[in-house]
Structure formats: C-alpha cells, structure tokens
$ cat data.pdb   # PDB, C-alpha atoms
ATOM      1  CA  MET A   1      35.177  -1.948   5.822
ATOM      2  CA  SER A   2      33.959  -3.012   2.371
ATOM      3  CA  ALA A   3      33.295  -0.197  -0.086
ATOM      4  CA  PRO A   4      32.170  -1.979  -3.263
ATOM      5  CA  LEU A   5      31.029   1.274  -4.893
ATOM      6  CA  GLU A   6      34.158   3.299  -4.192
ATOM      7  CA  GLY A   7      34.937   5.423  -7.237
ATOM      8  CA  LYS A   8      31.353   5.205  -8.508
ATOM      9  CA  VAL A   9      29.196   8.284  -8.999
ATOM     10  CA  ALA A  10      25.450   8.217  -8.386
ATOM     11  CA  LEU A  11      22.606  10.647  -8.878
ATOM     12  CA  VAL A  12      19.589  10.113  -6.643
ATOM     13  CA  ALA A  13      16.944  12.387  -8.109
ATOM     14  CA  GLY A  14      14.418  13.062  -5.364
ATOM     15  CA  ALA A  15      16.581  12.356  -2.317
ATOM     16  CA  THR A  16      15.128  14.765   0.222
ATOM     17  CA  ARG A  17      13.293  12.191   2.302
ATOM     18  CA  GLY A  18      11.734   8.710   2.272
ATOM     19  CA  ALA A  19      13.102   6.119  -0.100
ATOM     20  CA  GLY A  20      15.334   8.639  -1.861
ATOM     21  CA  ARG A  21      17.148   9.506   1.344
ATOM     22  CA  GLY A  22      17.528   5.842   2.310
ATOM     23  CA  ILE A  23      18.903   5.032  -1.143
ATOM     24  CA  ALA A  24      21.391   7.893  -1.115
ATOM     25  CA  VAL A  25      22.693   6.962   2.321
ATOM     26  CA  GLU A  26      23.129   3.297   1.496
ATOM     27  CA  LEU A  27      24.960   4.120  -1.728
ATOM     28  CA  GLY A  28      27.211   6.332   0.364
ATOM     29  CA  ALA A  29      27.736   3.521   2.862
ATOM     30  CA  ALA A  30      28.957   1.425  -0.069
ATOM     31  CA  GLY A  31      31.519   4.119  -0.891
ATOM     32  CA  ALA A  32      29.858   6.029  -3.724
ATOM     33  CA  THR A  33      29.889   9.742  -4.431
ATOM     34  CA  VAL A  34      26.201  10.667  -4.424
ATOM     35  CA  TYR A  35      24.591  13.749  -5.888
ATOM     36  CA  VAL A  36      21.314  14.282  -4.060
ATOM     37  CA  THR A  37      18.658  16.508  -5.565
ATOM     38  CA  GLY A  38      15.303  17.918  -4.612
ATOM     39  CA  ARG A  39      13.502  21.176  -3.980
ATOM     40  CA  SER A  40      13.648  21.368  -0.180
ATOM     41  CA  THR A  41      16.773  23.107   1.069
ATOM     42  CA  ARG A  42      17.835  24.763   4.303
ATOM     43  CA  GLU A  43      17.015  28.110   2.708
ATOM     44  CA  ARG A  44      13.744  27.220   1.028
ATOM     45  CA  ARG A  45      11.082  24.546   1.433
ATOM     46  CA  SER A  46       9.009  23.062  -1.358
ATOM     47  CA  GLU A  47       5.207  23.018  -1.207
ATOM     48  CA  TYR A  48       5.542  20.008   1.094
ATOM     49  CA  ASP A  49       6.633  22.482   3.781
ATOM     50  CA  ARG A  50       8.499  19.741   5.649
ATOM     51  CA  PRO A  51      11.792  19.970   7.577
ATOM     52  CA  GLU A  52      13.820  17.412   5.595
ATOM     53  CA  THR A  53      16.385  18.950   3.232
ATOM     54  CA  ILE A  54      18.770  17.737   0.564
ATOM     55  CA  GLU A  55      21.688  19.176   2.573
ATOM     56  CA  ASP A  56      20.730  16.930   5.486
ATOM     57  CA  THR A  57      20.650  13.949   3.140
ATOM     58  CA  ALA A  58      24.078  14.834   1.743
ATOM     59  CA  ASP A  59      25.483  15.053   5.270
ATOM     60  CA  LEU A  60      24.075  11.609   6.055
ATOM     61  CA  VAL A  61      25.686  10.202   2.890
ATOM     62  CA  THR A  62      29.068  11.565   3.946
ATOM     63  CA  ALA A  63      28.655  10.325   7.508
ATOM     64  CA  ALA A  64      27.872   6.853   6.142
ATOM     65  CA  GLY A  65      31.226   6.712   4.365
ATOM     66  CA  GLY A  66      30.537   8.199   0.932
ATOM     67  CA  ARG A  67      30.571  11.729  -0.373
ATOM     68  CA  GLY A  68      27.263  13.539  -0.445
ATOM     69  CA  ILE A  69      26.750  16.521  -2.742
ATOM     70  CA  ALA A  70      23.465  18.423  -2.504
ATOM     71  CA  VAL A  71      22.266  20.218  -5.640
ATOM     72  CA  PRO A  72      18.894  22.014  -5.486
ATOM     73  CA  THR A  73      17.008  20.916  -8.586
ATOM     74  CA  ASP A  74      13.429  21.055  -9.818
ATOM     75  CA  HIS A  75      13.264  18.083 -12.171
ATOM     76  CA  LEU A  76      10.278  19.575 -13.981
ATOM     77  CA  VAL A  77      12.558  22.316 -15.298
ATOM     78  CA  PRO A  78      14.760  20.928 -18.085
ATOM     79  CA  SER A  79      17.303  23.733 -17.829
ATOM     80  CA  GLN A  80      17.908  22.945 -14.149
ATOM     81  CA  VAL A  81      18.424  19.262 -14.899
ATOM     82  CA  ARG A  82      20.771  20.097 -17.778
ATOM     83  CA  THR A  83      22.791  22.350 -15.462
ATOM     84  CA  LEU A  84      22.950  19.559 -12.871
ATOM     85  CA  VAL A  85      24.258  17.042 -15.408
ATOM     86  CA  ASP A  86      26.771  19.537 -16.798
ATOM     87  CA  ARG A  87      28.065  20.039 -13.275
ATOM     88  CA  MET A  88      28.451  16.286 -12.693
ATOM     89  CA  ALA A  89      30.242  15.936 -16.024
ATOM     90  CA  ALA A  90      32.646  18.756 -15.120
ATOM     91  CA  GLU A  91      33.295  17.567 -11.566
ATOM     92  CA  GLN A  92      33.297  13.793 -12.038
ATOM     93  CA  GLY A  93      33.400  13.053 -15.768
ATOM     94  CA  ARG A  94      31.093  10.100 -15.221
ATOM     95  CA  LEU A  95      27.744   8.845 -13.942
ATOM     96  CA  ASP A  96      27.451   5.207 -12.966
ATOM     97  CA  ILE A  97      24.084   5.032 -11.173
ATOM     98  CA  LEU A  98      20.942   7.026 -11.880
ATOM     99  CA  VAL A  99      18.025   6.618  -9.487
ATOM    100  CA  ASN A 100      14.829   8.300 -10.677
ATOM    101  CA  ASP A 101      12.953   8.612  -7.384
ATOM    102  CA  ILE A 102      11.103  11.870  -7.997
ATOM    103  CA  TRP A 103       7.511  11.639  -6.793
ATOM    104  CA  GLY A 104       5.981  14.463  -4.789
ATOM    105  CA  GLY A 105       2.430  13.187  -5.067
ATOM    106  CA  GLU A 106       1.437  12.228  -1.527
ATOM    107  CA  ARG A 107      -0.928  15.176  -1.165
ATOM    108  CA  LEU A 108      -2.298  15.090  -4.693
ATOM    109  CA  PHE A 109      -4.362  11.903  -4.942
ATOM    110  CA  GLY A 110      -7.695  10.886  -3.497
ATOM    111  CA  TRP A 111      -8.181   7.303  -2.345
ATOM    112  CA  ASP A 112     -10.688   5.467  -4.540
ATOM    113  CA  ALA A 113     -11.831   8.720  -6.171
ATOM    114  CA  PRO A 114     -12.966   7.966  -9.750
ATOM    115  CA  VAL A 115     -11.408  10.122 -12.435
ATOM    116  CA  TRP A 116     -14.541  12.234 -12.921
ATOM    117  CA  GLU A 117     -14.643  13.105  -9.208
ATOM    118  CA  HIS A 118     -10.891  13.444  -8.633
ATOM    119  CA  ASP A 119      -9.491  16.984  -8.543
ATOM    120  CA  LEU A 120      -8.248  17.358 -12.122
ATOM    121  CA  ASP A 121      -5.522  19.896 -11.431
ATOM    122  CA  LYS A 122      -4.076  17.726  -8.671
ATOM    123  CA  GLY A 123      -4.281  14.619 -10.838
ATOM    124  CA  LEU A 124      -2.471  16.247 -13.733
ATOM    125  CA  ARG A 125       0.123  17.721 -11.364
ATOM    126  CA  LEU A 126       0.706  14.235  -9.956
ATOM    127  CA  LEU A 127       1.353  12.878 -13.454
ATOM    128  CA  ARG A 128       3.797  15.673 -14.212
ATOM    129  CA  LEU A 129       5.717  15.107 -10.999
ATOM    130  CA  ALA A 130       5.743  11.317 -11.244
ATOM    131  CA  VAL A 131       6.275  10.803 -14.969
ATOM    132  CA  GLU A 132       7.494  13.928 -16.727
ATOM    133  CA  THR A 133      10.298  14.466 -14.204
ATOM    134  CA  HIS A 134      11.664  10.982 -14.869
ATOM    135  CA  ALA A 135      11.638  11.536 -18.626
ATOM    136  CA  ILE A 136      13.384  14.897 -18.344
ATOM    137  CA  THR A 137      16.043  13.491 -16.038
ATOM    138  CA  SER A 138      16.732  10.462 -18.221
ATOM    139  CA  HIS A 139      16.910  12.632 -21.343
ATOM    140  CA  HIS A 140      19.673  14.782 -19.887
ATOM    141  CA  ALA A 141      21.525  12.282 -17.669
ATOM    142  CA  LEU A 142      21.745   9.164 -19.818
ATOM    143  CA  PRO A 143      24.362  10.459 -22.278
ATOM    144  CA  LEU A 144      26.711  10.929 -19.319
ATOM    145  CA  LEU A 145      25.858   7.512 -17.903
ATOM    146  CA  LEU A 146      26.557   5.899 -21.276
ATOM    147  CA  ARG A 147      30.096   7.271 -21.468
ATOM    148  CA  ARG A 148      31.225   4.134 -19.632
ATOM    149  CA  PRO A 149      29.820   0.603 -19.889
ATOM    150  CA  GLY A 150      28.046  -0.926 -16.923
ATOM    151  CA  GLY A 151      25.780   1.944 -15.910
ATOM    152  CA  LEU A 152      22.624   1.290 -13.898
ATOM    153  CA  VAL A 153      19.302   3.154 -14.060
ATOM    154  CA  VAL A 154      16.684   2.502 -11.380
ATOM    155  CA  GLU A 155      13.122   3.687 -11.873
ATOM    156  CA  MET A 156      11.477   3.845  -8.461
ATOM    157  CA  THR A 157       7.773   3.038  -8.301
ATOM    158  CA  ASP A 158       5.128   1.500  -6.050
ATOM    159  CA  GLY A 159       4.247  -2.097  -6.784
ATOM    160  CA  THR A 160       5.727  -4.775  -8.990
ATOM    161  CA  ALA A 161       4.623  -5.179 -12.588
ATOM    162  CA  GLU A 162       2.862  -8.413 -11.644
ATOM    163  CA  TYR A 163       1.038  -6.899  -8.666
ATOM    164  CA  ASN A 164       0.009  -3.711 -10.449
ATOM    165  CA  ARG A 165      -1.168  -5.614 -13.508
ATOM    166  CA  ASP A 166      -3.887  -7.292 -11.464
ATOM    167  CA  THR A 167      -4.527  -4.687  -8.755
ATOM    168  CA  TYR A 168      -6.221  -1.291  -8.917
ATOM    169  CA  ARG A 169      -3.847   1.103  -7.181
ATOM    170  CA  VAL A 170      -5.565   3.837  -5.184
ATOM    171  CA  SER A 171      -7.047   5.951  -8.022
ATOM    172  CA  PHE A 172      -6.916   6.532 -11.777
ATOM    173  CA  PHE A 173      -4.066   9.048 -11.559
ATOM    174  CA  TYR A 174      -2.028   7.117  -9.008
ATOM    175  CA  ASP A 175      -2.477   3.852 -10.875
ATOM    176  CA  LEU A 176      -1.479   5.456 -14.161
ATOM    177  CA  ALA A 177       1.612   7.122 -12.690
ATOM    178  CA  LYS A 178       2.993   3.983 -11.083
ATOM    179  CA  SER A 179       2.269   1.842 -14.136
ATOM    180  CA  ALA A 180       3.952   4.401 -16.386
ATOM    181  CA  VAL A 181       7.164   4.252 -14.360
ATOM    182  CA  LEU A 182       7.186   0.464 -14.614
ATOM    183  CA  ARG A 183       6.908   0.786 -18.377
ATOM    184  CA  MET A 184       9.695   3.365 -18.417
ATOM    185  CA  ALA A 185      12.108   0.803 -17.012
ATOM    186  CA  PHE A 186      11.009  -1.715 -19.621
ATOM    187  CA  SER A 187      11.515   0.799 -22.435
ATOM    188  CA  LEU A 188      14.842   2.023 -21.083
ATOM    189  CA  GLY A 189      15.980  -1.575 -20.859
ATOM    190  CA  HIS A 190      15.475  -1.909 -24.605
ATOM    191  CA  GLU A 191      17.336   1.322 -25.298
ATOM    192  CA  LEU A 192      20.183   0.908 -22.801
ATOM    193  CA  GLY A 193      20.834  -2.824 -22.948
ATOM    194  CA  PRO A 194      22.473  -2.831 -26.407
ATOM    195  CA  ARG A 195      24.571   0.151 -25.282
ATOM    196  CA  GLY A 196      26.052  -1.588 -22.246
ATOM    197  CA  ALA A 197      23.804  -0.295 -19.467
ATOM    198  CA  THR A 198      20.973  -1.743 -17.385
ATOM    199  CA  ALA A 199      17.563  -0.330 -16.452
ATOM    200  CA  VAL A 200      15.210  -1.773 -13.850
ATOM    201  CA  ALA A 201      12.048  -0.792 -12.012
ATOM    202  CA  LEU A 202      12.231  -1.172  -8.251
ATOM    203  CA  THR A 203       9.607  -0.930  -5.536
ATOM    204  CA  PRO A 204      10.014  -0.872  -1.784
ATOM    205  CA  GLY A 205       7.356  -2.512   0.339
ATOM    206  CA  TRP A 206       5.310  -0.654   2.927
ATOM    207  CA  LEU A 207       7.792   2.106   3.634
ATOM    208  CA  ARG A 208       8.339   3.615   7.066
ATOM    209  CA  SER A 209       9.023   7.045   5.635
ATOM    210  CA  GLU A 210       8.949  10.186   7.716
ATOM    211  CA  MET A 211       5.431  10.958   6.515
ATOM    212  CA  MET A 212       4.163   7.437   7.147
ATOM    213  CA  LEU A 213       5.523   7.404  10.693
ATOM    214  CA  GLU A 214       3.878  10.766  11.345
ATOM    215  CA  HIS A 215       0.608   9.459   9.902
ATOM    216  CA  PHE A 216       0.553   6.741  12.557
ATOM    217  CA  GLY A 217       1.891   9.020  15.291
ATOM    218  CA  VAL A 218       4.976   6.885  15.890
ATOM    219  CA  THR A 219       8.749   7.074  15.426
ATOM    220  CA  GLU A 220      11.181   4.589  13.962
ATOM    221  CA  GLU A 221      11.878   3.433  17.511
ATOM    222  CA  THR A 222       8.185   2.984  18.384
ATOM    223  CA  TRP A 223       6.796   1.980  14.968
ATOM    224  CA  ARG A 224       5.321  -1.273  16.255
ATOM    225  CA  ASP A 225       2.834   0.764  18.291
ATOM    226  CA  ALA A 226       1.086   1.442  14.970
ATOM    227  CA  LEU A 227       0.119  -2.224  14.719
ATOM    228  CA  LYS A 228      -2.761  -1.504  17.100
ATOM    229  CA  ALA A 229      -4.380   0.641  14.421
ATOM    230  CA  GLU A 230      -3.058  -1.252  11.383
ATOM    231  CA  PRO A 231      -1.884  -4.809  12.103
ATOM    232  CA  HIS A 232      -0.577  -5.317   8.560
ATOM    233  CA  PHE A 233       1.965  -2.538   9.200
ATOM    234  CA  GLY A 234       4.059  -5.307  10.713
ATOM    235  CA  ILE A 235       5.415  -6.060   7.240
ATOM    236  CA  SER A 236       6.774  -2.517   6.838
ATOM    237  CA  GLU A 237      10.402  -1.689   6.141
ATOM    238  CA  THR A 238      12.826   1.199   6.542
ATOM    239  CA  PRO A 239      14.022   3.305   3.598
ATOM    240  CA  SER A 240      17.449   1.753   4.101
ATOM    241  CA  TYR A 241      16.150  -1.620   2.904
ATOM    242  CA  VAL A 242      15.462  -0.492  -0.655
ATOM    243  CA  GLY A 243      18.701   1.491  -0.523
ATOM    244  CA  ARG A 244      20.587  -1.705   0.193
ATOM    245  CA  ALA A 245      18.789  -3.324  -2.718
ATOM    246  CA  ILE A 246      20.157  -0.691  -5.095
ATOM    247  CA  ALA A 247      23.640  -0.890  -3.588
ATOM    248  CA  ALA A 248      23.575  -4.646  -4.187
ATOM    249  CA  LEU A 249      22.441  -4.192  -7.785
ATOM    250  CA  ALA A 250      25.100  -1.564  -8.457
ATOM    251  CA  ALA A 251      27.853  -3.828  -7.093
ATOM    252  CA  ASP A 252      26.716  -6.877  -9.079
ATOM    253  CA  PRO A 253      28.960  -7.494 -12.113
ATOM    254  CA  GLU A 254      26.086  -9.456 -13.636
ATOM    255  CA  VAL A 255      23.416  -6.815 -13.039
ATOM    256  CA  SER A 256      22.473  -6.901 -16.731
ATOM    257  CA  ARG A 257      20.537 -10.113 -16.039
ATOM    258  CA  TRP A 258      17.838  -7.895 -14.535
ATOM    259  CA  ASN A 259      17.623  -5.506 -17.497
ATOM    260  CA  GLY A 260      14.108  -4.255 -18.210
ATOM    261  CA  THR A 261      12.540  -6.125 -15.312
ATOM    262  CA  SER A 262      10.445  -5.201 -12.294
ATOM    263  CA  LEU A 263      12.055  -5.873  -8.903
ATOM    264  CA  SER A 264      11.256  -5.425  -5.207
ATOM    265  CA  SER A 265      13.387  -4.835  -2.145
ATOM    266  CA  GLY A 266      12.070  -8.005  -0.519
ATOM    267  CA  GLY A 267      12.678 -10.099  -3.606
ATOM    268  CA  LEU A 268      16.230  -8.844  -4.053
ATOM    269  CA  ALA A 269      17.005  -9.489  -0.387
ATOM    270  CA  GLN A 270      16.419 -13.170  -1.043
ATOM    271  CA  VAL A 271      18.927 -13.064  -3.912
ATOM    272  CA  TYR A 272      21.680 -10.861  -2.476
ATOM    273  CA  GLY A 273      21.320 -11.657   1.223
ATOM    274  CA  PHE A 274      21.079  -8.124   2.614
ATOM    275  CA  THR A 275      18.719  -7.294   5.483
ATOM    276  CA  ASP A 276      16.812  -4.339   6.814
ATOM    277  CA  LEU A 277      18.310  -2.427   9.734
ATOM    278  CA  ASP A 278      16.808  -4.845  12.262
ATOM    279  CA  GLY A 279      18.290  -7.887  10.540
ATOM    280  CA  SER A 280      14.982  -9.030   9.020
ATOM    281  CA  ARG A 281      14.071  -9.510   5.345
ATOM    282  CA  PRO A 282      10.485  -8.291   4.903
ATOM    283  CA  ASP A 283       8.877  -9.556   1.691
ATOM    284  CA  ALA A 284       6.002  -7.108   1.496
ATOM    285  CA  TRP A 285       4.568  -7.843  -1.936
ATOM    286  CA  ARG A 286       4.322 -11.573  -1.346
ATOM    287  CA  TYR A 287       2.730 -10.780   2.030
ATOM    288  CA  MET A 288       0.213  -8.384   0.539
ATOM    289  CA  THR A 289      -0.842 -10.922  -2.051
ATOM    290  CA  GLU A 290      -0.989 -13.953   0.217
ATOM    291  CA  VAL A 291      -2.118 -12.363   3.493
ATOM    292  CA  GLN A 292      -3.450  -8.801   3.322
ATOM    293  CA  ASP A 293      -5.316  -8.919  -0.001
ATOM    294  CA  ALA A 294      -6.453 -12.469   0.708
ATOM    295  CA  GLY A 295      -8.251 -11.230   3.823
ATOM    296  CA  ARG A 296      -6.186 -13.314   6.226
ATOM    297  CA  PRO A 297      -5.348 -12.085   9.746
ATOM    298  CA  ALA A 298      -2.142 -10.090   9.993
ATOM    299  CA  ASP A 299       0.791 -12.407  10.633
ATOM    300  CA  THR A 300       4.268 -11.759   9.251
ATOM    301  CA  THR A 301       5.570 -15.204  10.157
ATOM    302  CA  GLY A 302       7.510 -16.448   7.171
ATOM    303  CA  TYR A 303       7.435 -13.054   5.481
ATOM    304  CA  ARG A 304      10.197 -11.230   7.317
TER     305      ARG A 304
END
$ encode --input "data.pdb" --output "structure tokens"
Amino acid sequence: MSAPLEGKVALVAGATRGAGRGIAVELGAAGATVYVTGRSTRERRSEYDRPETIEDTADLVTAAGGRGIAVPTDHLVPSQVRTLVDRMAAEQGRLDILVNDIWGGERLFGWDAPVWEHDLDKGLRLLRLAVETHAITSHHALPLLLRRPGGLVVEMTDGTAEYNRDTYRVSFFYDLAKSAVLRMAFSLGHELGPRGATAVALTPGWLRSEMMLEHFGVTEETWRDALKAEPHFGISETPSYVGRAIAALAADPEVSRWNGTSLSSGGLAQVYGFTDLDGSRPDAWRYMTEVQDAGRPADTTGYR
C-alpha cells in the first residue's frame, strides 16, 4: 500500500474528535507519525464532558497504518505546548506538518446574538480557545518545523476567505474567530514562505462530526435520515474528507503554490482527486453559495 508520508512527523493540535480526529487518522493512513493533542483523556475529560479521547485517536492513527502518539496538552498554557514541542524534538528531531485545529467553542456562541446581548465571558473564552491557542502553538512549534525545508502549516477554520468576506457567520465572536484564523494563515504564509515552508487555511464543509450526528439523532450509518429535518445536510461530509485533503497537500512536492491561501476540502478534491469515504466529492461551499444561500430547494446533484 502507498505510504507517501512515511518518515514524516505531524502534530494535530486539537485531535480529540471531529475534524482533528479525521485529519490525524488520514495522516496516519498515509504513513505519518502523528502526535495528537487535546484535553480529553481516558483519565480526565475536558469541560466538553464527552467520551472521545486523544488516546482513542492515537489508536485509530496506528490502526490506519501510521504511528499515533497521544500527548495531553492544553494549548492555552504555553508551558504545556513548549513541553510538547521539546518532546517531539527529542523523540523525532523534526516536525513536518503542523495542523492547528484547536477550537472548543461549540457551546460558547449564541446564534445571531448581537455582541451587546451575547454572553461576554463565553465570547471572550471562545476567542481565547480559537485564536490564542493557535498563536501559542505556532510560536513554540514553528522553530522545529523550520529545521527542514518543505514544512506545512494548516490553520483549520470554518468558511473560505471568499465566503466569510461576504457572509455574516453566526455571531460577532464566531465571525471574528473564524476570520482571524484565515488571516493567521495569510500572515504565516508571508513569514514561512521565504524560509522554505508553506501555510494555508483550510475549511471542511458541513462536517458530520460526533456532535453534529448527535444533534440530528443519527449515526454515520444513518446520517441521511437527518435530511427529513434538514434537507441541505445532504451536502455534508465525514471528517476523513478534510483529512485526505491535508494528506494530499502534505504529499504534494509543489505545495508551496498554495502558500498563504484559503482552501476547502471540496475544492482540493477537484485538484487532487481524493474522495470522501463513500466515493463522493462533496463541494459544500459552492453548494452553500449557489443552492442553500440562494434559497433554492435542496439538491446535491452536481455538487457531490
């Protein structure tokens, strides 16, 4: 079997569940050694109080063909991130792929709540989790990544730069957080490009994460039952899809062509030819613009 990332070392910061888990597993399937971090472990849960753990993610990485290494880390605590990077340097001597996927904000934002009505403490906590964590992680991890040319940094967000530029996203705090991460990739592109590395922003489409499936009362096997309540959910994708997007980027010897840009899983599928687990290629952001936001009836024909 092909292992294009064999010998490569990745850090997926925020790999407990959702996109982070899908990314870690797909990097493992491509042969990489993947350090997976988060706050939910088999001994202690984060405030999410959910069953997914970083140890489970690491086991899935190894089962997929890579090597998964779980390291409990709170990315808001610089000393913990510094210790994590020191460990990777000692054990591997390199870092080839950094995925900043820390989020943790699902329970902190109010839909369409204006800033003066939004819970301030929750809004500020959301910004810390979504923005400050990425800055802390980049500050400590990038010197290791820059030891060798060709490193890749992926800033995970929600929405492309084009879509978010013209679309109000959920609330003041949510909109600000996702836009900030897009700008991070742009800024990192300017700082890393001349030093031989590449930074991009990447968004999945409508993600069938564990929490999203629970929201609709379905499983990955029965997810289409949710279309009765939300017909546009037909464009949704698994976490593996965006994971395959990153694996494709990391294996591309010409990945620097994307430096500083905003990308999507659906858009990259058209370039690299990978598919979601069911063999389809959902293009969620084009669908949302041309169908959902345009008020047209749900129909994924031509979009997956």
$ resolve_selection --input "data.pdb" --expression "the PyMOL selection byres ((chain A and resi 256) around 12)" --output "ChimeraX atom specification"
/A:149-153,189-190,192-200,249-255,257-261
$ closest_atom_pairs --input "data.pdb" --of "region 100-155 of chain A" --to "region 14-37 of chain A" --cutoff "9 Å" --atoms "only C-alpha atoms" --output "Markdown table"
| residue | atom | partner | partner_atom | distance |
| --- | --- | --- | --- | --- |
| A:Asn100 | CA | A:Gly14 | CA | 7.1 |
| A:Asp101 | CA | A:Gly14 | CA | 5.1 |
| A:Ile102 | CA | A:Gly14 | CA | 4.4 |
| A:Trp103 | CA | A:Gly14 | CA | 7.2 |
| A:Gly104 | CA | A:Gly14 | CA | 8.6 |
$ resolve_selection --input "data.pdb" --expression "the PyMOL selection byres ((chain A and resi 122-127) around 9)" --output "PyMOL selection string"
chain A and resi 103-110+115+118-121+128-132+172-174+176-177
$ resolve_selection --input "data.pdb" --expression "the PyMOL selection byres ((chain A and resi 212) around 12)" --output "list of chain:residue names"
A:Arg17, A:Gly18, A:Ala19, A:Glu106, A:Trp206, A:Leu207, A:Arg208, A:Ser209, A:Glu210, A:Met211, A:Leu213, A:Glu214, A:His215, A:Phe216, A:Gly217, A:Val218, A:Thr219, A:Glu220, A:Trp223, A:Ala226, A:Phe233, A:Ser236, A:Glu237, A:Thr238, A:Pro239
$ closest_residue --input "data.pdb" --among "A:Val154, A:Ala135, A:Ala298, A:Leu5" --to "Leu76 (chain A)" --atoms "all atoms listed in the file"
A:Ala135
$ closest_atom_pairs --input "data.pdb" --of "region 93-162 of chain A" --to "region 79-89 of chain A" --cutoff "8 Å" --atoms "all atoms listed in the file" --output "tab-separated table"
residue	atom	partner	partner_atom	distance
A:Gly93	CA	A:Ala89	CA	4.3
A:Arg94	CA	A:Ala89	CA	6.0
A:Leu95	CA	A:Met88	CA	7.6
A:Ile136	CA	A:Val81	CA	7.5
A:Thr137	CA	A:Val81	CA	6.3
A:His140	CA	A:Arg82	CA	5.8
A:Ala141	CA	A:Val85	CA	5.9
A:Leu144	CA	A:Ala89	CA	7.0
$ residues_near_point --input "data.pdb" --point "(-0.6, -6.8, -10.1)" --cutoff "12 Å" --atoms "only C-alpha atoms" --output "PyMOL selection string"
chain A and resi 158-169+175+178-179+182+262+285-286+288-289+293
$ axis_aligned_box --input "data.pdb" --around "region 92-106 of chain A" --padding-each-side "4 Å" --output "AutoDock Vina command-line options"
--center_x 17.4 --center_y 9.7 --center_z -8.6 --size_x 40.0 --size_y 17.4 --size_z 22.2
$ atom_distance --input "data.pdb" --atom1 "CA of Glu191 (chain A)" --atom2 "CA of Leu263 (chain A)"
18.7 Å
$ decode --input "data.pdb" --residues "region 111-158 of chain A" --atoms "C-alpha atoms" --output "PDB file, in the first residue's frame"
ATOM      1  CA  TRP A 111     -26.711  32.074  17.028  1.00  0.00           C
ATOM      2  CA  ASP A 112     -27.431  35.579  15.736  1.00  0.00           C
ATOM      3  CA  ALA A 113     -26.883  37.101  19.190  1.00  0.00           C
ATOM      4  CA  PRO A 114     -25.549  40.666  18.763  1.00  0.00           C
ATOM      5  CA  VAL A 115     -22.400  41.463  20.694  1.00  0.00           C
ATOM      6  CA  TRP A 116     -24.229  43.502  23.341  1.00  0.00           C
ATOM      7  CA  GLU A 117     -26.575  40.591  24.097  1.00  0.00           C
ATOM      8  CA  HIS A 118     -24.047  37.760  23.749  1.00  0.00           C
ATOM      9  CA  ASP A 119     -22.628  36.332  26.981  1.00  0.00           C
ATOM     10  CA  LEU A 120     -19.354  38.257  27.244  1.00  0.00           C
ATOM     11  CA  ASP A 121     -17.426  35.676  29.236  1.00  0.00           C
ATOM     12  CA  LYS A 122     -18.339  32.949  26.758  1.00  0.00           C
ATOM     13  CA  GLY A 123     -17.473  35.169  23.806  1.00  0.00           C
ATOM     14  CA  LEU A 124     -14.059  36.043  25.180  1.00  0.00           C
ATOM     15  CA  ARG A 125     -13.426  32.400  26.096  1.00  0.00           C
ATOM     16  CA  LEU A 126     -14.285  31.431  22.518  1.00  0.00           C
ATOM     17  CA  LEU A 127     -11.718  33.904  21.182  1.00  0.00           C
ATOM     18  CA  ARG A 128      -9.049  32.578  23.523  1.00  0.00           C
ATOM     19  CA  LEU A 129      -9.705  28.986  22.524  1.00  0.00           C
ATOM     20  CA  ALA A 130      -9.968  29.678  18.799  1.00  0.00           C
ATOM     21  CA  VAL A 131      -7.246  32.281  18.318  1.00  0.00           C
ATOM     22  CA  GLU A 132      -4.833  32.444  21.233  1.00  0.00           C
ATOM     23  CA  THR A 133      -4.248  28.680  21.185  1.00  0.00           C
ATOM     24  CA  HIS A 134      -3.187  28.817  17.538  1.00  0.00           C
ATOM     25  CA  ALA A 135      -0.746  31.647  18.208  1.00  0.00           C
ATOM     26  CA  ILE A 136       0.793  29.879  21.196  1.00  0.00           C
ATOM     27  CA  THR A 137       1.182  26.638  19.269  1.00  0.00           C
ATOM     28  CA  SER A 138       2.749  28.304  16.237  1.00  0.00           C
ATOM     29  CA  HIS A 139       5.128  30.296  18.440  1.00  0.00           C
ATOM     30  CA  HIS A 140       6.551  27.156  20.020  1.00  0.00           C
ATOM     31  CA  ALA A 141       6.255  24.637  17.162  1.00  0.00           C
ATOM     32  CA  LEU A 142       7.432  26.581  14.125  1.00  0.00           C
ATOM     33  CA  PRO A 143      11.144  26.662  15.015  1.00  0.00           C
ATOM     34  CA  LEU A 144      11.098  22.855  14.967  1.00  0.00           C
ATOM     35  CA  LEU A 145       9.148  22.768  11.711  1.00  0.00           C
ATOM     36  CA  LEU A 146      11.646  25.147  10.109  1.00  0.00           C
ATOM     37  CA  ARG A 147      14.620  22.897  10.838  1.00  0.00           C
ATOM     38  CA  ARG A 148      13.944  21.211   7.495  1.00  0.00           C
ATOM     39  CA  PRO A 149      12.628  22.770   4.278  1.00  0.00           C
ATOM     40  CA  GLY A 150       9.208  21.805   2.992  1.00  0.00           C
ATOM     41  CA  GLY A 151       7.171  22.047   6.184  1.00  0.00           C
ATOM     42  CA  LEU A 152       3.408  22.559   6.034  1.00  0.00           C
ATOM     43  CA  VAL A 153       1.200  24.501   8.461  1.00  0.00           C
ATOM     44  CA  VAL A 154      -2.579  24.163   8.197  1.00  0.00           C
ATOM     45  CA  GLU A 155      -4.837  26.603  10.008  1.00  0.00           C
ATOM     46  CA  MET A 156      -8.249  24.984  10.345  1.00  0.00           C
ATOM     47  CA  THR A 157     -11.263  27.283  10.202  1.00  0.00           C
ATOM     48  CA  ASP A 158     -14.891  27.413   9.084  1.00  0.00           C
TER      49      ASP A 158
END
